[in-house]
file coords32.txt (compact mmCIF, C-alpha atoms)
# COMPACT_ATOMS: atom_id res chain seq x y z
CA MET A 1210 5.34 14.26 2.68
CA THR A 1211 2.60 14.37 5.27
CA ASP A 1212 3.86 11.78 7.76
CA PRO A 1213 7.29 10.93 9.03
CA GLN A 1214 8.89 7.85 7.54
CA MET A 1215 7.90 4.64 9.35
CA VAL A 1216 11.02 2.89 10.58
CA MET A 1217 11.33 -0.13 12.87
CA TYR A 1218 14.41 -0.79 15.02
CA GLU A 1219 15.29 -3.89 16.99
CA GLU A 1220 14.79 -2.32 20.41
CA GLU A 1221 11.26 -1.07 19.73
CA PHE A 1222 10.36 -4.19 17.79
CA ASN A 1223 11.23 -6.36 20.79
CA GLN A 1224 9.05 -4.24 23.06
CA ILE A 1225 6.16 -4.40 20.58
CA GLN A 1226 6.57 -8.13 20.01
CA ALA A 1227 6.51 -8.77 23.77
CA ILE A 1228 3.20 -6.91 24.09
CA VAL A 1229 1.70 -8.75 21.13
CA GLU A 1230 2.73 -12.14 22.51
CA ARG A 1231 1.38 -11.30 25.93
CA LEU A 1232 -1.90 -10.19 24.38
CA VAL A 1233 -2.29 -13.56 22.63
CA ARG A 1234 -1.82 -15.35 25.97
CA GLU A 1235 -3.88 -13.06 28.17
CA SER A 1236 -6.82 -12.77 25.78
CA ASN A 1237 -6.74 -16.42 24.65
CA ALA A 1238 -6.70 -15.19 21.05
CA ARG A 1239 -5.69 -17.18 17.98
CA VAL A 1240 -3.64 -14.43 16.37
CA VAL A 1241 -2.66 -10.85 17.08
CA PHE A 1242 -1.28 -8.49 14.42
CA ILE A 1243 0.02 -4.97 14.37
CA ILE A 1244 -0.05 -3.20 11.04
CA ASP A 1245 0.45 0.40 10.02
CA LYS A 1246 -2.37 2.39 8.44
CA ASN A 1247 -0.87 1.82 5.00
CA GLY A 1248 -1.20 -1.94 5.35
CA GLN A 1249 2.38 -2.90 6.21
CA LEU A 1250 2.68 -5.72 8.72
CA ILE A 1251 4.73 -4.67 11.75
CA ALA A 1252 4.42 -7.56 14.21
CA ALA A 1253 2.44 -10.77 14.66
CA ALA A 1254 2.02 -13.52 17.25
CA GLY A 1255 -0.05 -16.67 17.73
CA GLU A 1256 -1.07 -19.13 15.02
CA THR A 1257 0.33 -16.99 12.23
CA GLU A 1258 1.58 -19.81 9.99
CA GLN A 1259 -1.95 -20.69 8.87
CA LEU A 1260 -2.75 -17.16 7.75
CA ASP A 1261 -1.86 -15.02 4.75
CA ALA A 1262 -0.66 -12.14 6.90
CA THR A 1263 0.27 -9.82 4.01
CA SER A 1264 -3.20 -10.03 2.46
CA LEU A 1265 -4.91 -9.65 5.84
CA ALA A 1266 -2.79 -6.58 6.61
CA SER A 1267 -3.67 -4.89 3.34
CA LEU A 1268 -7.39 -5.66 3.63
CA THR A 1269 -7.53 -4.52 7.26
CA ALA A 1270 -5.86 -1.23 6.35
CA GLY A 1271 -8.37 -0.80 3.50
CA ASN A 1272 -11.18 -1.52 5.92
CA VAL A 1273 -9.88 0.98 8.47
CA ALA A 1274 -9.38 3.58 5.74
CA ALA A 1275 -12.94 3.09 4.50
CA THR A 1276 -14.30 3.37 8.07
CA GLY A 1277 -12.22 6.51 8.56
CA GLY A 1278 -13.79 7.91 5.39
CA MET A 1279 -17.25 7.24 6.78
CA ALA A 1280 -16.29 8.92 10.07
CA LYS A 1281 -15.19 12.01 8.20
CA LEU A 1282 -18.52 12.20 6.36
CA LEU A 1283 -20.29 12.05 9.74
CA ARG A 1284 -17.87 14.63 11.17
CA GLU A 1285 -16.48 12.12 13.62
CA SER A 1286 -12.71 12.13 13.99
CA GLU A 1287 -12.43 8.32 13.78
CA PHE A 1288 -14.24 5.12 14.65
CA THR A 1289 -11.45 3.59 16.65
CA THR A 1290 -12.90 0.12 17.17
CA GLN A 1291 -14.42 -2.42 14.76
CA PHE A 1292 -15.72 -5.87 15.49
CA HIS A 1293 -16.56 -8.52 12.90
CA GLU A 1294 -18.45 -11.55 14.13
CA GLY A 1295 -18.29 -14.83 12.25
CA GLU A 1296 -19.66 -18.30 12.89
CA ARG A 1297 -16.44 -19.66 14.29
CA GLN A 1298 -14.07 -16.73 14.39
CA ASN A 1299 -14.20 -13.05 15.15
CA ILE A 1300 -11.97 -10.10 14.40
CA HIS A 1301 -11.46 -7.16 16.73
CA ILE A 1302 -9.77 -4.15 15.13
CA GLN A 1303 -8.47 -1.28 17.23
CA LEU A 1304 -6.87 1.92 15.99
CA VAL A 1305 -3.90 2.81 18.21
CA GLY A 1306 -2.83 6.45 18.42
CA ASN A 1307 -4.31 7.00 14.94
CA ARG A 1308 -1.15 5.52 13.50
CA VAL A 1309 -1.17 1.73 13.78
CA ILE A 1310 -3.87 -0.93 13.90
CA LEU A 1311 -4.10 -3.72 16.45
CA VAL A 1312 -5.92 -6.77 15.10
CA VAL A 1313 -7.06 -9.67 17.31
CA ILE A 1314 -8.50 -12.83 15.74
CA PHE A 1315 -10.23 -15.09 18.24
CA ASP A 1316 -12.67 -17.98 18.47
CA ASN A 1317 -15.04 -19.33 21.14
CA LYS A 1318 -12.19 -20.14 23.55
CA THR A 1319 -12.45 -16.58 24.76
CA SER A 1320 -14.98 -13.73 24.88
CA LEU A 1321 -15.32 -10.30 23.32
CA GLY A 1322 -15.29 -8.80 26.81
CA LEU A 1323 -11.93 -10.26 27.70
CA VAL A 1324 -10.45 -9.33 24.32
CA ARG A 1325 -11.65 -5.73 24.69
CA LEU A 1326 -10.22 -5.47 28.19
CA ARG A 1327 -6.79 -6.79 27.18
CA VAL A 1328 -6.73 -4.75 23.97
CA LYS A 1329 -7.34 -1.56 25.95
CA LYS A 1330 -4.30 -2.13 28.15
CA ALA A 1331 -2.09 -3.21 25.25
CA SER A 1332 -3.17 -0.18 23.17
CA GLU A 1333 -2.00 2.24 25.83
CA GLU A 1334 1.41 0.58 26.02
CA LEU A 1335 1.75 0.37 22.25
CA ASN A 1336 0.81 4.00 21.86
CA ARG A 1337 3.68 5.05 24.13
CA ILE A 1338 6.17 2.92 22.19
CA PHE A 1339 5.08 4.24 18.79
CA GLU A 1340 5.12 7.83 20.03
CA ALA A 1341 8.72 7.37 21.14
CA LEU A 1342 9.61 5.58 17.91
CA LEU A 1343 8.20 8.36 15.74
CA ALA A 1344 10.00 10.98 17.80
CA LYS A 1345 13.23 9.07 17.21
CA VAL A 1346 12.57 8.97 13.45
CA ARG A 1347 11.74 12.68 13.39
CA ASP A 1348 15.02 13.43 15.10
CA GLY A 1349 16.67 12.16 11.96
CA ALA A 1350 17.88 8.65 12.63
CA GLU A 1351 19.98 7.31 9.78
CA THR A 1352 18.51 5.10 7.05
CA PRO A 1353 20.28 2.53 4.88
CA PHE A 1354 19.25 4.40 1.77
CA ALA A 1355 21.56 7.31 2.35
CA GLU A 1356 24.45 5.16 1.17
CA ILE A 1357 23.01 3.41 -1.85
CA THR A 1358 24.22 4.43 -5.28
CA ASP A 1359 22.46 4.71 -8.62
CA ASP A 1360 24.33 1.56 -9.62
CA ASP A 1361 22.76 -0.36 -6.73
CA ILE A 1362 19.33 0.62 -8.00
CA ASP A 1363 20.22 -0.21 -11.61
CA ASN A 1364 21.55 -3.63 -10.58
CA LEU A 1365 18.17 -4.51 -9.11
CA PHE A 1366 16.68 -4.36 -12.60
CA ASN A 1367 19.44 -5.99 -14.57
CA ASP A 1368 17.93 -9.40 -15.03
CA MET B 147 4.87 6.06 2.87
CA SER B 148 7.67 3.55 2.75
CA PHE B 149 8.40 1.41 5.77
CA ILE B 150 11.96 0.44 6.67
CA ASN B 151 12.30 -2.56 8.96
CA TYR B 152 15.83 -2.96 10.35
CA LEU B 153 15.02 -6.22 12.02
CA SER B 154 13.83 -8.16 8.99
CA ARG B 155 16.02 -5.93 6.78
CA GLU B 156 13.17 -4.99 4.50
CA ILE B 157 12.02 -1.87 2.81
CA ASN B 158 8.34 -1.69 1.79
CA CYS B 159 6.95 0.80 -0.72
CA LYS B 160 3.46 1.50 -2.06
CA ILE B 161 2.77 2.06 -5.74
CA VAL B 162 -0.67 3.06 -6.99
CA TYR B 163 -1.98 2.51 -10.53
CA TYR B 164 -4.36 5.36 -11.37
CA GLY B 165 -6.41 6.13 -14.47
CA PRO B 166 -9.91 6.29 -15.98
CA GLY B 167 -12.37 3.39 -15.85
CA LEU B 168 -11.48 0.40 -18.06
CA CYS B 169 -8.02 1.75 -18.95
CA GLY B 170 -6.31 -1.48 -17.87
CA LYS B 171 -5.01 -0.93 -14.32
CA THR B 172 -6.18 -4.31 -13.09
CA THR B 173 -4.90 -5.91 -16.31
CA ASN B 174 -1.43 -4.52 -15.56
CA LEU B 175 -1.45 -6.14 -12.14
CA GLN B 176 -2.83 -9.42 -13.47
CA TYR B 177 -0.07 -9.63 -16.05
CA ILE B 178 2.60 -8.91 -13.43
CA TYR B 179 1.06 -11.54 -11.16
CA ASN B 180 0.97 -14.17 -13.91
CA LYS B 181 4.55 -13.58 -15.01
CA THR B 182 6.25 -13.38 -11.60
CA ASN B 183 7.93 -16.30 -9.86
CA PRO B 184 5.80 -17.70 -7.02
CA GLU B 185 8.50 -16.94 -4.44
CA ALA B 186 8.59 -13.25 -5.42
CA LYS B 187 4.88 -12.57 -5.05
CA GLY B 188 2.03 -12.91 -2.61
CA LYS B 189 -1.61 -13.48 -3.32
CA MET B 190 -3.33 -10.97 -5.59
CA ILE B 191 -6.47 -9.56 -4.05
CA SER B 192 -9.22 -7.98 -6.14
CA LEU B 193 -12.15 -6.31 -4.47
CA ALA B 194 -14.41 -6.20 -7.52
CA THR B 195 -18.10 -6.09 -8.40
CA GLU B 196 -19.90 -9.07 -9.92
CA THR B 197 -19.15 -7.65 -13.36
CA GLU B 198 -15.42 -7.57 -12.54
CA ARG B 199 -15.19 -3.81 -12.19
CA THR B 200 -12.85 -2.75 -9.39
CA LEU B 201 -14.95 -1.79 -6.37
CA PHE B 202 -12.29 -0.76 -3.88
CA PHE B 203 -8.80 -1.89 -4.95
CA ASP B 204 -6.59 -4.64 -6.31
CA PHE B 205 -3.52 -5.49 -4.27
CA LEU B 206 -0.37 -7.36 -5.25
CA PRO B 207 2.69 -7.69 -2.99
CA LEU B 208 5.91 -8.12 -4.94
CA ALA B 209 9.57 -8.67 -3.95
CA LEU B 210 12.05 -7.13 -6.36
CA GLY B 211 15.39 -8.24 -4.92
CA GLU B 212 17.99 -6.87 -2.51
CA ILE B 213 19.81 -3.58 -2.25
CA ARG B 214 22.72 -3.51 0.18
CA GLY B 215 21.27 -6.41 2.13
CA PHE B 216 17.78 -4.90 2.30
CA LYS B 217 14.95 -6.78 0.61
CA THR B 218 12.85 -4.40 -1.47
CA ARG B 219 9.14 -5.11 -1.38
CA PHE B 220 6.55 -3.25 -3.38
CA HIS B 221 2.86 -3.23 -2.66
CA LEU B 222 1.00 -2.55 -5.89
CA TYR B 223 -2.52 -1.13 -5.67
CA THR B 224 -5.06 -0.07 -8.28
CA VAL B 225 -7.86 2.40 -7.68
CA PRO B 226 -11.43 1.96 -8.94
CA GLY B 227 -11.50 4.01 -12.14
CA GLN B 228 -15.21 4.77 -12.34
CA VAL B 229 -15.95 8.40 -11.58
CA PHE B 230 -18.42 7.79 -8.74
CA TYR B 231 -15.89 5.83 -6.65
CA ASP B 232 -13.92 8.98 -5.87
CA ALA B 233 -14.13 8.60 -2.08
CA SER B 234 -12.46 5.18 -2.34
CA ARG B 235 -9.78 6.48 -4.70
CA LYS B 236 -8.73 9.10 -2.16
CA LEU B 237 -8.25 6.45 0.52
CA ILE B 238 -5.98 4.33 -1.63
CA LEU B 239 -3.66 7.25 -2.31
CA LYS B 240 -2.85 7.53 1.40
CA GLY B 241 0.78 6.73 2.04
CA VAL B 242 1.63 6.39 -1.67
CA ASP B 243 5.30 6.34 -2.70
CA GLY B 244 4.88 6.24 -6.47
CA VAL B 245 2.11 6.54 -9.07
CA VAL B 246 1.58 4.92 -12.47
CA PHE B 247 -0.95 6.83 -14.54
CA VAL B 248 -2.50 4.41 -17.02
CA ALA B 249 -4.06 6.25 -19.94
CA ASP B 250 -6.49 4.69 -22.41
CA SER B 251 -5.06 5.52 -25.87
CA GLN B 252 -8.42 5.37 -27.64
CA ILE B 253 -9.49 8.73 -29.06
CA ALA B 254 -12.94 8.31 -27.53
CA ARG B 255 -11.33 8.22 -24.05
CA THR B 256 -9.37 11.47 -24.34
CA GLU B 257 -11.73 13.41 -22.08
CA ALA B 258 -11.76 10.58 -19.52
CA ASN B 259 -7.94 10.56 -19.42
CA ILE B 260 -7.75 14.30 -18.82
CA GLU B 261 -10.47 14.18 -16.19
CA SER B 262 -8.73 11.32 -14.37
CA MET B 263 -5.37 13.12 -14.42
CA GLU B 264 -6.99 16.22 -12.92
CA ASN B 265 -8.72 14.02 -10.35
CA LEU B 266 -5.35 12.50 -9.43
CA ARG B 267 -3.84 15.93 -8.85
CA THR B 268 -6.81 17.05 -6.75
CA ASN B 269 -6.87 13.91 -4.63
CA LEU B 270 -3.12 13.97 -4.05
CA ALA B 271 -3.32 17.61 -3.01
CA GLU B 272 -5.98 16.69 -0.45
CA GLN B 273 -3.50 14.27 1.12
CA GLY B 274 -0.79 16.91 1.14
CA TYR B 275 1.10 15.53 -1.86
CA SER B 276 1.95 17.13 -5.17
CA LEU B 277 2.17 15.07 -8.34
CA ASP B 278 5.16 17.16 -9.41
CA LYS B 279 7.12 16.05 -6.36
CA LEU B 280 6.05 12.42 -6.37
CA PRO B 281 7.75 9.65 -8.37
CA TYR B 282 5.37 8.94 -11.24
CA VAL B 283 5.31 7.52 -14.74
CA VAL B 284 2.70 7.46 -17.51
CA GLN B 285 1.58 4.46 -19.56
CA TYR B 286 -0.31 4.83 -22.85
CA ASN B 287 -2.22 1.58 -22.85
CA LYS B 288 -4.31 -0.18 -25.51
CA ARG B 289 -1.98 0.71 -28.39
CA ASP B 290 -3.44 -2.27 -30.27
CA MET B 291 -6.92 -0.77 -30.51
CA PRO B 292 -8.15 0.55 -33.89
CA HIS B 293 -8.80 4.25 -33.12
CA VAL B 294 -5.93 5.42 -30.94
CA ALA B 295 -4.51 8.90 -30.55
CA PRO B 296 -0.86 9.45 -31.58
CA VAL B 297 1.55 9.18 -28.65
CA GLU B 298 2.77 12.76 -29.21
CA GLU B 299 -0.76 14.00 -28.72
CA LEU B 300 -1.28 11.96 -25.55
CA ARG B 301 2.08 13.11 -24.26
CA ALA B 302 1.20 16.76 -24.81
CA LEU B 303 -2.08 16.30 -22.94
CA LEU B 304 -1.07 13.99 -20.11
CA ASN B 305 2.67 14.31 -19.68
CA PRO B 306 3.75 17.92 -20.16
CA ALA B 307 6.33 17.47 -17.39
CA GLY B 308 8.08 14.79 -19.43
CA VAL B 309 8.23 12.02 -16.82
CA PRO B 310 9.14 8.53 -18.12
CA ASP B 311 6.31 7.25 -20.31
CA PHE B 312 5.61 3.96 -22.07
CA GLU B 313 3.38 2.56 -24.78
CA ALA B 314 1.60 -0.60 -23.71
CA VAL B 315 -0.75 -3.40 -24.58
CA ALA B 316 -1.38 -4.66 -21.07
CA THR B 317 -3.49 -7.63 -22.18
CA GLN B 318 -0.39 -9.00 -23.91
CA GLY B 319 2.09 -7.69 -21.38
CA GLU B 320 3.68 -5.19 -23.75
CA GLY B 321 5.16 -2.32 -21.74
CA VAL B 322 3.88 -3.64 -18.40
CA PHE B 323 7.20 -4.52 -16.78
CA GLU B 324 8.95 -1.52 -18.36
CA THR B 325 6.40 0.71 -16.62
CA LEU B 326 6.76 -1.07 -13.28
CA LYS B 327 10.54 -1.00 -13.36
CA ALA B 328 10.58 2.70 -14.19
CA VAL B 329 8.33 3.67 -11.29
CA ALA B 330 10.15 1.34 -8.85
CA LYS B 331 13.43 2.91 -9.83
CA LEU B 332 12.07 6.42 -9.32
CA VAL B 333 10.70 5.44 -5.89
CA LEU B 334 14.05 4.03 -4.75
CA THR B 335 15.90 7.05 -6.10
CA GLU B 336 13.51 9.31 -4.21
CA LEU B 337 14.07 7.31 -1.01
CA LYS B 338 17.78 7.79 -1.41
CA ARG B 339 17.34 11.49 -1.97
CA GLY B 340 14.78 11.78 0.86
CA THR B 341 17.38 10.62 3.37
CA LYS B 342 19.58 13.62 2.53

call {"tool": "encode", "arguments": {"input": "coords32.txt", "output": "structure tokens"}}
result
Amino acid sequence: MTDPQMVMYEEEFNQIQAIVERLVRESNARVVFIIDKNGQLIAAAGETEQLDATSLASLTAGNVAATGGMAKLLRESEFTTQFHEGERQNIHIQLVGNRVILVVIFDNKTSLGLVRLRVKKASEELNRIFEALLAKVRDGAETPFAEITDDDIDNLFND
Amino acid sequence: MSFINYLSREINCKIVYYGPGLCGKTTNLQYIYNKTNPEAKGKMISLATETERTLFFDFLPLALGEIRGFKTRFHLYTVPGQVFYDASRKLILKGVDGVVFVADSQIARTEANIESMENLRTNLAEQGYSLDKLPYVVQYNKRDMPHVAPVEELRALLNPAGVPDFEAVATQGEGVFETLKAVAKLVLTELKRGTK
């Protein structure tokens, strides 16, 4: 496999969640998400109950992958920032450490300038946390799947 | 690349349906979507052209149940089958945990099947994967069509390694869940083995 397994533990999750919640407050955003490049939702804060987070995560990852493909064709390493402007809402997408994606959805209660500023600070902090997390995973932290049996897997399909 | 979340006690895996244009990848996902309980699935997303050809991907999140207190969630993706969408196909293979190769059983599509299988191998290799090391299954779809190749012939061409394979009529759901279960099982078994 090309990348280490993505694993999330309580300690790191709490650190990430705190940053995400602070970013919602400080940038006056509606919603902030963190997703991995494969489209898995890692953390969310703000008005999340009105959104289909799973679908948004998958589409954002597809979008970032497509943009990465364009970058490669232009011999750029990545386009790390994307901004989509709508009539009432906007989406700011930031690649963090080339591993996870920070998504901020905001309306006219704030400005792109403020969002950018807050995203920059949050990205640096998030990058440090994910670096440490990946190092921990590489060092061979245990996973629940070491203990499962073939019967456990069979039972999942016995209905 | 699977994602294990200790906090929400979830394990997420990515399965990609691959195959030549019009072989029935999207139809597989649509059938699964229609036959799954609402609480076990999310919204199905199709990024398609106006003529309903897949442009980028279809996406269907699915919950399969619990193993040792961990919810297993599978994200099913299809690739666009048409030859000229190769750049998009490569992107969708990123982070894949398991592959379903959907073959079109019609004799007229033999070349397209072989070409797509070779394309799968090439694109996986570019991402640093090898099909021989990845959980994958083969589905011989469209068995109800008038001019289909015998399964033995398709098997010899597309499945020399002898991975689990299934006959299917995806429009009627025949073989669809058998295929999904087989690949999900291989993915979970690989996860178990991967932990060493």

call {"tool": "closest_atom_pairs", "arguments": {"input": "coords32.txt", "of": "chain A", "to": "chain B", "cutoff": "6 Å", "atoms": "only C-alpha atoms", "output": "tab-separated table"}}
result
residue	atom	partner	partner_atom	distance
A:Thr1211	CA	B:Gly274	CA	5.9
A:Met1215	CA	B:Phe149	CA	4.8
A:Val1216	CA	B:Ile150	CA	4.7
A:Met1217	CA	B:Asn151	CA	4.7
A:Tyr1218	CA	B:Tyr152	CA	5.3
A:Glu1219	CA	B:Leu153	CA	5.5
A:Asn1247	CA	B:Gly241	CA	6.0
A:Phe1354	CA	B:Lys338	CA	4.9
A:Ala1355	CA	B:Lys338	CA	5.4

call {"tool": "atom_distance", "arguments": {"input": "coords32.txt", "atom1": "CA of Ala186 (chain B)", "atom2": "CA of Leu208 (chain B)"}}
result
5.8 Å

call {"tool": "closest_residue", "arguments": {"input": "coords32.txt", "among": "A:Gln1303, A:Gln1298, A:Asn1364, A:Ser1332", "to": "Ala1238 (chain A)", "atoms": "all atoms listed in the file"}}
result
A:Gln1298

call {"tool": "atom_distance", "arguments": {"input": "coords32.txt", "atom1": "CA of Leu222 (chain B)", "atom2": "CA of Ile161 (chain B)"}}
result
4.9 Å

call {"tool": "residues_around", "arguments": {"input": "coords32.txt", "residues": "Ala1262 (chain A)", "least_positions_apart": "4", "cutoff": "12 Å", "atoms": "all atoms listed in the file", "output": "list in words"}}
result
Val1240, Val1241, Phe1242, Ile1243, Ile1244, Gly1248, Gln1249, Leu1250, Ile1251, Ala1252, Ala1253, Ala1254, Gly1255, Glu1256, Thr1257, Glu1258, Ala1266, Ser1267, Leu1268, Thr1269, Val1312 and Ile1314 of chain A; Gly188, Lys189 and Pro207 of chain B

call {"tool": "residues_around", "arguments": {"input": "coords32.txt", "residues": "Thr1289 (chain A)", "least_positions_apart": "5", "cutoff": "10 Å", "atoms": "all atoms listed in the file", "output": "list of chain:residue names"}}
result
A:Val1273, A:Thr1276, A:Gly1277, A:Ala1280, A:Ile1302, A:Gln1303, A:Leu1304, A:Val1305, A:Gly1306, A:Asn1307, A:Ile1310

call {"tool": "write_last_selection", "arguments": {"input": "coords32.txt", "atoms": "C-alpha atoms", "output": "mmCIF file, keeping the file's coordinate frame"}}
result
data_model
loop_
_atom_site.group_PDB
_atom_site.id
_atom_site.type_symbol
_atom_site.label_atom_id
_atom_site.label_comp_id
_atom_site.auth_asym_id
_atom_site.auth_seq_id
_atom_site.Cartn_x
_atom_site.Cartn_y
_atom_site.Cartn_z
ATOM 1 C CA VAL A 1273 -9.880 0.980 8.470
ATOM 2 C CA THR A 1276 -14.300 3.370 8.070
ATOM 3 C CA GLY A 1277 -12.220 6.510 8.560
ATOM 4 C CA ALA A 1280 -16.290 8.920 10.070
ATOM 5 C CA ILE A 1302 -9.770 -4.150 15.130
ATOM 6 C CA GLN A 1303 -8.470 -1.280 17.230
ATOM 7 C CA LEU A 1304 -6.870 1.920 15.990
ATOM 8 C CA VAL A 1305 -3.900 2.810 18.210
ATOM 9 C CA GLY A 1306 -2.830 6.450 18.420
ATOM 10 C CA ASN A 1307 -4.310 7.000 14.940
ATOM 11 C CA ILE A 1310 -3.870 -0.930 13.900
#

call {"tool": "atom_distance", "arguments": {"input": "coords32.txt", "atom1": "CA of Ile1228 (chain A)", "atom2": "CA of Asp1261 (chain A)"}}
result
21.6 Å

call {"tool": "residues_around", "arguments": {"input": "coords32.txt", "residues": "Gln252 (chain B)", "least_positions_apart": "3", "cutoff": "9 Å", "atoms": "all atoms listed in the file", "output": "PyMOL selection string"}}
result
chain B and resi 249+255-256+287-289+291-295

call {"tool": "residues_around", "arguments": {"input": "coords32.txt", "residues": "Val315 (chain B)", "least_positions_apart": "2", "cutoff": "9 Å", "atoms": "all atoms listed in the file", "output": "list of chain:residue names"}}
result
B:Gly170, B:Tyr286, B:Asn287, B:Lys288, B:Arg289, B:Asp290, B:Met291, B:Glu313, B:Thr317, B:Gln318, B:Gly319, B:Glu320, B:Gly321, B:Val322

call {"tool": "residues_around", "arguments": {"input": "coords32.txt", "residues": "Ile1338 (chain A)", "least_positions_apart": "5", "cutoff": "10 Å", "atoms": "all atoms listed in the file", "output": "MDAnalysis selection string"}}
result
chainID A and resid 1221:1222 1224:1225 1332:1333 1343:1344

call {"tool": "closest_residue", "arguments": {"input": "coords32.txt", "among": "B:Tyr164, B:Phe323, B:Tyr179, B:Tyr282", "to": "Val309 (chain B)", "atoms": "all atoms listed in the file"}}
result
B:Tyr282
